[in-house]
$ cat my_file-v4.cif   # mmCIF, C-alpha atoms and all ligand atoms
data_input
#
loop_
_atom_site.label_atom_id
_atom_site.label_comp_id
_atom_site.auth_asym_id
_atom_site.auth_seq_id
_atom_site.Cartn_x
_atom_site.Cartn_y
_atom_site.Cartn_z
CA MET R 247 0.00 0.00 0.00
CA VAL R 248 1.29 3.43 -0.84
CA ILE R 249 0.98 6.10 1.81
CA TYR R 250 0.58 9.47 0.15
CA MET R 251 0.23 11.56 3.24
CA VAL R 252 0.40 11.32 6.99
CA ARG R 253 -2.14 13.00 9.19
CA GLY R 254 -0.70 14.48 12.37
CA LYS R 255 -0.59 17.43 14.70
CA GLY R 256 1.47 20.58 14.50
CA ALA R 257 1.68 23.58 16.84
CA PHE R 258 1.17 26.63 14.63
CA PHE R 259 2.53 30.10 15.16
CA VAL R 260 -0.36 32.14 13.80
CA GLU R 261 0.14 35.56 15.31
CA PRO R 262 2.64 37.21 17.67
CA LYS R 263 2.04 37.27 21.42
CA LYS R 264 -0.53 34.46 21.26
CA PRO R 265 -0.14 30.81 22.27
CA LEU R 266 0.71 28.33 19.51
CA GLN R 267 -2.37 26.62 18.06
CA ILE R 268 -2.32 22.85 17.78
CA LYS R 269 -4.02 21.66 14.59
CA GLU R 270 -4.21 18.50 12.52
CA ILE R 271 -2.62 18.70 9.10
CA ASP R 272 -1.47 16.42 6.29
CA PHE R 273 2.29 16.07 6.23
CA PRO R 274 3.68 15.64 2.73
CA GLU R 275 5.13 12.61 1.05
CA PRO R 276 8.94 13.06 0.97
CA GLY R 277 10.13 14.08 -2.46
CA TYR R 278 13.42 13.23 -4.16
CA GLY R 279 16.26 13.32 -1.62
CA GLU R 280 13.89 14.00 1.24
CA VAL R 281 12.82 12.14 4.36
CA LEU R 282 9.78 12.47 6.58
CA LEU R 283 10.73 12.26 10.26
CA LYS R 284 8.55 11.30 13.18
CA VAL R 285 9.56 13.84 15.79
CA LYS R 286 10.70 12.29 19.08
CA ALA R 287 12.14 15.28 20.92
CA VAL R 288 12.45 18.98 20.20
CA GLY R 289 14.36 21.69 22.03
CA VAL R 290 12.64 24.97 22.81
CA CYS R 291 14.95 27.82 21.87
CA HIS R 292 14.95 31.48 22.98
CA THR R 293 14.88 32.45 19.31
CA ASP R 294 11.43 30.88 18.97
CA LEU R 295 10.26 32.67 22.09
CA ALA R 296 11.54 36.00 20.72
CA THR R 297 9.73 35.28 17.44
CA ILE R 298 6.46 34.46 19.23
CA ASP R 299 6.76 37.53 21.44
CA GLY R 300 7.24 39.74 18.39
CA GLU R 301 10.81 40.74 19.26
CA PHE R 302 12.10 39.08 16.08
CA PRO R 303 10.55 39.69 12.67
CA PRO R 304 7.90 37.08 11.78
CA PRO R 305 9.06 34.16 9.64
CA PRO R 306 8.63 34.52 5.86
CA LEU R 307 6.30 31.52 5.98
CA MET R 308 3.22 32.37 8.05
CA PRO R 309 1.53 30.70 9.77
CA THR R 310 4.37 28.34 10.45
CA ILE R 311 5.52 25.57 12.76
CA LEU R 312 8.58 26.71 14.72
CA GLY R 313 11.13 24.42 16.38
CA HIS R 314 14.62 23.85 14.99
CA GLU R 315 16.32 21.52 17.49
CA ILE R 316 14.84 18.27 16.35
CA ALA R 317 15.52 14.61 17.06
CA GLY R 318 13.37 12.09 15.23
CA GLU R 319 13.00 8.73 13.62
CA VAL R 320 13.03 8.36 9.85
CA PHE R 321 9.42 7.50 9.00
CA LYS R 322 9.54 7.46 5.21
CA ILE R 323 12.24 8.07 2.63
CA GLY R 324 11.87 9.68 -0.77
CA GLU R 325 13.42 8.61 -4.07
CA GLY R 326 17.18 8.77 -4.25
CA VAL R 327 17.83 8.50 -0.52
CA LYS R 328 20.64 5.99 -0.14
CA ASP R 329 22.04 6.31 3.35
CA LEU R 330 18.90 6.36 5.48
CA LYS R 331 16.11 3.91 6.12
CA PRO R 332 12.90 3.99 8.16
CA GLY R 333 13.66 3.67 11.86
CA ASP R 334 17.04 5.49 11.72
CA ARG R 335 17.54 8.00 14.52
CA VAL R 336 18.58 11.43 13.28
CA VAL R 337 18.75 15.10 14.17
CA LEU R 338 17.69 18.12 12.13
CA SER R 339 18.87 21.64 12.95
CA TRP R 340 18.12 25.19 11.89
CA LEU R 341 20.08 24.40 8.67
CA TRP R 342 17.16 22.83 6.76
CA HIS R 343 19.04 23.26 3.50
CA THR R 344 22.23 24.95 2.37
CA CYS R 345 23.09 25.28 -1.30
CA GLY R 346 26.55 23.72 -1.11
CA LYS R 347 27.98 25.92 -3.84
CA CYS R 348 27.89 29.59 -2.81
CA LYS R 349 31.24 31.05 -1.69
CA TYR R 350 30.33 30.56 1.98
CA CYS R 351 29.24 26.96 1.59
CA VAL R 352 32.29 25.90 -0.37
CA ARG R 353 34.67 27.41 2.16
CA GLY R 354 32.97 25.58 5.04
CA ASP R 355 30.79 28.38 6.38
CA GLU R 356 27.45 26.92 5.41
CA HIS R 357 25.71 28.77 8.25
CA LEU R 358 26.28 31.92 6.15
CA CYS R 359 24.86 30.30 2.96
CA GLU R 360 23.34 32.83 0.60
CA TYR R 361 20.42 30.50 -0.08
CA LEU R 362 19.93 29.11 3.41
CA ILE R 363 16.51 27.59 4.05
CA GLU R 364 15.80 27.82 7.78
CA THR R 365 13.85 25.16 9.63
CA GLY R 366 10.76 26.72 11.19
CA ARG R 367 11.09 29.98 9.27
CA HIS R 368 11.03 29.04 5.59
CA VAL R 369 9.62 25.53 6.07
CA TYR R 370 7.71 23.83 8.89
CA GLY R 371 9.81 22.93 11.93
CA GLY R 372 9.68 20.45 14.75
CA TYR R 373 6.86 21.51 17.08
CA ALA R 374 4.87 18.81 15.35
CA GLU R 375 4.41 15.08 15.11
CA TYR R 376 6.25 14.95 11.78
CA VAL R 377 8.71 17.10 9.91
CA LEU R 378 9.98 16.99 6.36
CA ALA R 379 13.76 17.17 5.91
CA LYS R 380 16.48 16.88 3.29
CA ALA R 381 18.36 13.62 3.70
CA SER R 382 21.56 15.62 3.15
CA HIS R 383 20.90 17.77 6.20
CA VAL R 384 19.98 15.22 8.85
CA LEU R 385 22.71 13.50 10.88
CA LYS R 386 22.54 10.10 12.52
CA ILE R 387 22.41 9.98 16.30
CA PRO R 388 25.04 7.62 17.72
CA GLU R 389 23.90 4.73 19.86
CA GLY R 390 23.41 5.40 23.52
CA VAL R 391 22.35 9.03 23.16
CA PRO R 392 18.84 9.36 24.58
CA TRP R 393 16.16 11.19 22.59
CA GLU R 394 15.92 14.03 25.08
CA TYR R 395 19.66 14.79 24.86
CA ALA R 396 19.96 14.69 21.07
CA PRO R 397 18.33 18.07 20.27
CA ALA R 398 21.10 19.83 22.23
CA ALA R 399 23.61 18.70 19.58
CA THR R 400 21.76 20.74 16.96
CA ASP R 401 22.23 24.08 18.71
CA ALA R 402 23.01 24.36 22.42
CA ILE R 403 26.21 22.27 22.17
CA ALA R 404 27.07 22.96 18.52
CA THR R 405 27.06 26.74 19.11
CA PRO R 406 29.76 26.78 21.83
CA PHE R 407 31.62 23.97 20.03
CA LYS R 408 31.89 26.07 16.89
CA ALA R 409 32.81 29.21 18.87
CA LEU R 410 35.71 27.35 20.49
CA ARG R 411 36.69 25.87 17.12
CA ILE R 412 37.00 29.24 15.39
CA ALA R 413 38.75 30.70 18.44
CA GLY R 414 41.34 27.92 18.09
CA ALA R 415 40.87 26.49 21.60
CA LYS R 416 43.53 23.99 22.57
CA GLU R 417 44.54 21.95 25.59
CA GLY R 418 45.70 24.07 28.50
CA ASP R 419 43.98 27.26 27.33
CA VAL R 420 42.16 29.32 29.91
CA VAL R 421 38.57 29.67 28.70
CA ALA R 422 36.15 31.97 30.48
CA VAL R 423 32.47 31.34 29.88
CA TRP R 424 30.60 34.55 30.65
CA GLY R 425 26.94 33.72 31.19
CA ALA R 426 26.13 30.24 32.52
CA GLY R 427 22.70 29.59 30.98
CA ALA R 428 21.85 26.52 28.89
CA LEU R 429 24.46 27.35 26.25
CA GLY R 430 27.04 28.44 28.82
CA LEU R 431 26.76 25.24 30.84
CA ASN R 432 27.33 23.25 27.66
CA ALA R 433 30.22 25.55 26.79
CA VAL R 434 31.85 24.73 30.13
CA GLN R 435 31.68 21.02 29.32
CA VAL R 436 32.89 21.37 25.72
CA ALA R 437 35.87 23.48 26.81
CA LYS R 438 36.65 20.98 29.56
CA ALA R 439 36.45 18.12 27.02
CA LYS R 440 39.06 19.98 24.96
CA GLY R 441 41.37 20.06 27.96
CA CYS R 442 40.94 23.73 28.76
CA ASP R 443 40.83 25.31 32.22
CA VAL R 444 37.38 26.77 32.53
CA ILE R 445 36.18 29.82 34.44
CA ALA R 446 32.43 30.42 34.66
CA VAL R 447 31.14 33.95 35.25
CA ASP R 448 27.52 34.66 36.14
CA VAL R 449 25.40 36.53 38.68
CA ALA R 450 23.36 33.50 39.81
CA ASP R 451 24.96 31.20 42.38
CA SER R 452 22.73 28.28 41.34
CA LYS R 453 24.13 28.44 37.79
CA LEU R 454 27.69 28.78 39.06
CA GLU R 455 27.26 25.73 41.29
CA LYS R 456 26.04 23.79 38.27
CA ALA R 457 29.03 25.05 36.25
CA LYS R 458 31.38 23.82 38.98
CA GLU R 459 29.69 20.44 39.04
CA LEU R 460 30.10 20.22 35.24
CA GLY R 461 33.82 20.90 35.33
CA ALA R 462 34.52 24.62 35.77
CA LYS R 463 37.79 25.08 37.66
CA TYR R 464 36.80 28.51 38.97
CA THR R 465 33.50 30.31 39.28
CA ILE R 466 33.03 34.05 39.70
CA ASN R 467 29.87 35.78 40.84
CA ALA R 468 30.00 39.12 39.04
CA TRP R 469 27.66 40.75 41.57
CA ARG R 470 30.02 40.15 44.42
CA GLU R 471 33.42 40.29 42.75
CA ASP R 472 35.01 42.21 39.92
CA PRO R 473 35.28 39.46 37.28
CA VAL R 474 38.12 41.19 35.41
CA LYS R 475 40.28 41.55 38.50
CA LYS R 476 39.50 38.00 39.53
CA ILE R 477 40.29 36.44 36.13
CA LEU R 478 43.61 38.34 35.94
CA GLU R 479 44.45 37.33 39.50
CA LEU R 480 43.62 33.65 39.02
CA THR R 481 45.11 33.09 35.57
CA GLY R 482 46.95 36.16 34.32
CA GLY R 483 44.21 36.60 31.71
CA ALA R 484 42.01 34.35 29.63
CA ASP R 485 43.08 32.93 26.27
CA ILE R 486 39.47 32.79 25.16
CA ILE R 487 36.33 34.37 26.52
CA LEU R 488 32.97 33.17 25.26
CA GLN R 489 30.58 36.07 25.80
CA LEU R 490 27.03 34.79 26.09
CA VAL R 491 25.33 37.54 28.11
CA PRO R 492 22.35 38.59 25.98
CA THR R 493 21.41 41.74 27.88
CA ASP R 494 24.35 43.94 28.75
CA VAL R 495 26.97 45.13 26.28
CA ARG R 496 29.14 46.46 29.11
CA THR R 497 30.01 42.89 30.07
CA TYR R 498 31.57 42.59 26.60
CA GLU R 499 33.83 45.55 27.28
CA GLN R 500 34.72 44.04 30.66
CA ALA R 501 35.54 40.72 29.05
CA PHE R 502 37.97 42.43 26.66
CA GLU R 503 39.93 43.67 29.70
CA ALA R 504 40.20 40.15 31.09
CA LEU R 505 41.99 38.72 28.03
CA ARG R 506 45.68 37.95 28.08
CA LYS R 507 47.92 38.99 25.16
CA GLY R 508 46.68 37.40 21.96
CA GLY R 509 43.43 36.47 23.67
CA ARG R 510 40.20 36.05 21.74
CA LEU R 511 36.87 37.53 22.76
CA VAL R 512 34.09 35.58 21.05
CA LEU R 513 30.69 37.24 20.72
CA ILE R 514 27.90 34.69 20.97
CA GLY R 515 25.07 36.50 22.76
CA TYR R 516 24.16 39.72 21.01
CA PRO R 517 22.93 42.48 23.32
CA PRO R 518 21.76 45.70 21.68
CA GLY R 519 24.21 48.61 21.73
CA LYS R 520 27.80 49.37 20.76
CA MET R 521 31.06 48.20 22.25
CA CYS R 522 33.68 50.76 23.14
CA LEU R 523 37.20 49.30 23.26
CA PRO R 524 40.62 50.88 23.93
CA VAL R 525 42.43 50.77 20.60
CA ILE R 526 46.00 51.04 21.94
CA GLU R 527 45.59 48.13 24.33
CA TRP R 528 43.81 46.20 21.58
CA GLY R 529 46.75 46.71 19.25
CA LEU R 530 49.65 46.29 21.65
CA ALA R 531 48.21 43.18 23.27
CA GLU R 532 47.10 41.84 19.89
CA LYS R 533 43.69 40.90 21.21
CA LYS R 534 41.08 39.58 18.81
CA VAL R 535 37.36 40.23 18.84
CA ILE R 536 35.40 37.74 16.78
CA ALA R 537 31.75 36.86 16.34
CA SER R 538 30.46 33.33 16.13
CA LEU R 539 27.05 32.73 14.66
CA ALA R 540 25.47 29.30 14.91
CA PHE R 541 27.33 26.25 13.56
CA THR R 542 27.75 23.93 10.61
CA ARG R 543 26.82 20.27 10.21
CA TYR R 544 30.41 19.45 11.16
CA ASP R 545 29.88 21.07 14.56
CA ILE R 546 26.63 19.14 15.01
CA SER R 547 28.34 15.82 14.23
CA GLU R 548 31.13 16.61 16.71
CA SER R 549 28.54 17.59 19.31
CA LEU R 550 26.78 14.25 18.81
CA ARG R 551 30.11 12.54 19.36
CA LEU R 552 30.66 14.41 22.63
CA LEU R 553 27.18 13.34 23.75
CA ALA R 554 27.87 9.71 22.82
CA GLN R 555 31.13 9.80 24.78
CA GLY R 556 29.32 11.24 27.78
CA LYS R 557 31.63 14.27 27.78
CA VAL R 558 28.69 16.65 27.61
CA LYS R 559 25.50 16.14 29.58
CA PRO R 560 23.14 18.88 28.49
CA VAL R 561 21.20 20.56 31.25
CA ILE R 562 17.56 20.14 30.22
CA THR R 563 14.04 20.21 31.59
CA VAL R 564 11.73 17.66 29.97
CA TYR R 565 8.12 18.42 29.00
CA ARG R 566 5.87 15.62 27.75
CA GLY R 567 3.74 15.67 24.63
CA LEU R 568 3.19 18.30 21.94
CA GLU R 569 0.37 19.75 24.07
CA SER R 570 2.99 20.90 26.62
CA ILE R 571 4.66 23.26 24.13
CA ASN R 572 2.90 26.42 25.32
CA LYS R 573 3.70 25.56 28.93
CA ALA R 574 7.37 25.06 28.01
CA LEU R 575 7.43 28.42 26.22
CA ASP R 576 5.72 30.12 29.16
CA ASP R 577 8.17 28.68 31.67
CA LEU R 578 11.07 29.77 29.46
CA ARG R 579 9.56 33.26 29.18
CA GLN R 580 9.36 33.50 32.95
CA GLY R 581 12.89 32.21 33.44
CA LYS R 582 11.62 29.17 35.34
CA VAL R 583 13.46 26.53 33.34
CA LEU R 584 16.79 25.08 34.36
CA GLY R 585 18.80 24.70 31.15
CA ARG R 586 16.97 23.99 27.94
CA PRO R 587 13.32 22.95 27.78
CA VAL R 588 12.92 19.80 25.66
CA VAL R 589 9.52 18.49 24.57
CA LEU R 590 9.55 14.71 24.45
CA MET R 591 6.82 13.50 22.12
CA ASP R 592 5.90 10.13 23.63
ZN ZN R 601 25.38 28.23 0.08
#

$ encode --input "my_file-v4.cif" --output "structure tokens" --more "lines below"
Ligand code: ZN
Amino acid sequence: MVIYMVRGKGAFFVEPKKPLQIKEIDFPEPGYGEVLLKVKAVGVCHTDLATIDGEFPPPPLMPTILGHEIAGEVFKIGEGVKDLKPGDRVVLSWLWHTCGKCKYCVRGDEHLCEYLIETGRHVYGGYAEYVLAKASHVLKIPEGVPWEYAPAATDAIATPFKALRIAGAKEGDVVAVWGAGALGLNAVQVAKAKGCDVIAVDVADSKLEKAKELGAKYTINAWREDPVKKILELTGGADIILQLVPTDVRTYEQAFEALRKGGRLVLIGYPPGKMCLPVIEWGLAEKKVIASLAFTRYDISESLRLLAQGKVKPVITVYRGLESINKALDDLRQGKVLGRPVVLMD
């Protein structure tokens, strides 16, 4: 019997500042080179929250199904798919499709692809029972990685992994992670896995305790202590600082001061405003300020490997069933979630 369509539920983003609406729809038959996934777990990202709350421009496709940290089982494969079969466990990220031939793609920066198709913005995403994907852009989940951990590899681990990769992190480097939220706590573990000495900076003791438990050598509460003075005192300056604070650009200027000679300040959270940096110190100490946006499929595959090796245990809060999506978003909005909310489908 040929199945032409699958009936299932999706949580639709219809208008800003309103809860997502769960509706039944027909999911399409996968076309050439495509696969239809049965969603098993999906991470709930701040970007989606900002989109729902109207802080980000609405997606080009409206109404849409958001959700771009997806782990699922291959349900059906389209023509021409050679390396996947029904039942395979895979992840799908924000990178729904990249062209593979623009100047960014060919040099390994596919996250900057000129023709990027974004999951949840240009096509339906993972807050649904099924999602359509390109076989080329899903990656197999290694054995032993539970469903609820896998979505982290598609964003919350891949993002700090890529930031450390472009900053050239190596064994013995002092890495300061400024902002110990979901991404920051993964960053601590990735840096530790690379053999770096990790310093976590935050204003919440609960997050700093978690950072310590996950391998941070030092923790600094920036309310109580001057983080710059403390980092210089403890280490003589950081080789790399991952700046994740999304709200206050002054912490970026502070971080610059805490770098040693040749140190790299990596911008990952993007607060509004402008940075003001001392040019002479910048030049004489040969400091580098770089931005790191997202990740490539390479970073996702390495993140999956770290999960399989148990070197990163993402900090997550599990919600059950698609119906819990609005609750997960609400809790995230109110700052009630420890780490990343993950909706587990069954
Ligand atoms: Zn491209």

$ atom_distance --input "my_file-v4.cif" --atom1 "atom CA of R:Leu295" --atom2 "atom CA of R:Ala426"
19.1 Å

$ closest_atom_pairs --input "my_file-v4.cif" --of "stretch 303-384 of chain R" --to "stretch 560-582 of chain R" --cutoff "10 Å" --atoms "only C-alpha atoms" --output "CSV"
residue,atom,partner,partner_atom,distance
R:Gly372,CA,R:Leu568,CA,9.9
R:Tyr373,CA,R:Leu568,CA,6.9
R:Ala374,CA,R:Leu568,CA,6.8
R:Glu375,CA,R:Leu568,CA,7.6

$ residues_around --input "my_file-v4.cif" --residues "R:Leu362" --least-positions-apart "5" --cutoff "7 Å" --atoms "all atoms listed in the file" --output "CSV table (one decimal) with C-alpha atoms, in the coordinates of the input"
chain,number,residue,atom,x,y,z
R,343,HIS,CA,19.0,23.3,3.5
R,344,THR,CA,22.2,25.0,2.4
R,345,CYS,CA,23.1,25.3,-1.3

$ residues_around --input "my_file-v4.cif" --residues "R:Lys328" --least-positions-apart "4" --cutoff "10 Å" --atoms "only C-alpha atoms" --output "list in words"
Gly279, Ile323, Gly324 and Ala381 of chain R

$ residues_near_point --input "my_file-v4.cif" --point "(-1.0, 22.5, 11.3)" --cutoff "7 Å" --atoms "all atoms listed in the file" --output "PyMOL selection string"
chain R and resi 255-258+268-271

$ closest_residue --input "my_file-v4.cif" --among "R:Met591, R:Ala399, R:Ile546, R:Ile487" --to "R:Val558" --atoms "only C-alpha atoms"
R:Ala399

$ residues_around --input "my_file-v4.cif" --residues "R:Glu532" --least-positions-apart "2" --cutoff "7 Å" --atoms "only C-alpha atoms" --output "ChimeraX atom specification"
/R:507-508,528-530,534

$ residues_near_ligand --input "my_file-v4.cif" --ligand "ligand ZN 601 (chain R)" --cutoff "6 Å" --atoms "all atoms listed in the file" --output "list in words"
Thr344, Cys345, Gly346, Lys347, Cys348, Tyr350, Cys351, Glu356, Cys359, Glu360 and Tyr361 of chain R

$ closest_residue --input "my_file-v4.cif" --among "R:Asp485, R:Glu325, R:Asp334, R:Glu471" --to "R:Pro276" --atoms "all atoms listed in the file"
R:Glu325

$ atom_distance --input "my_file-v4.cif" --atom1 "atom CA of R:Gly289" --atom2 "atom CA of R:Arg253"
22.6 Å

$ closest_atom_pairs --input "my_file-v4.cif" --of "stretch 482-582 of chain R" --to "stretch 406-421 of chain R" --cutoff "6 Å" --atoms "only C-alpha atoms" --output "Markdown table"
| residue | atom | partner | partner_atom | distance |
| --- | --- | --- | --- | --- |
| R:Ala484 | CA | R:Val420 | CA | 5.0 |
| R:Asp485 | CA | R:Val420 | CA | 5.2 |
| R:Ile486 | CA | R:Val421 | CA | 4.8 |
| R:Ile487 | CA | R:Val421 | CA | 5.6 |
| R:Ser538 | CA | R:Ala409 | CA | 5.5 |
| R:Phe541 | CA | R:Lys408 | CA | 5.6 |
| R:Asp545 | CA | R:Lys408 | CA | 5.9 |

$ residues_around --input "my_file-v4.cif" --residues "R:Lys456" --least-positions-apart "4" --cutoff "8 Å" --atoms "all atoms listed in the file" --output "JSON, numbers by chain"
{"R": [431, 452, 460]}

$ residues_around --input "my_file-v4.cif" --residues "R:Arg335" --least-positions-apart "4" --cutoff "7 Å" --atoms "all atoms listed in the file" --output "list of chain:residue names"
R:Gly318, R:Glu319, R:Val320, R:Lys386, R:Ile387
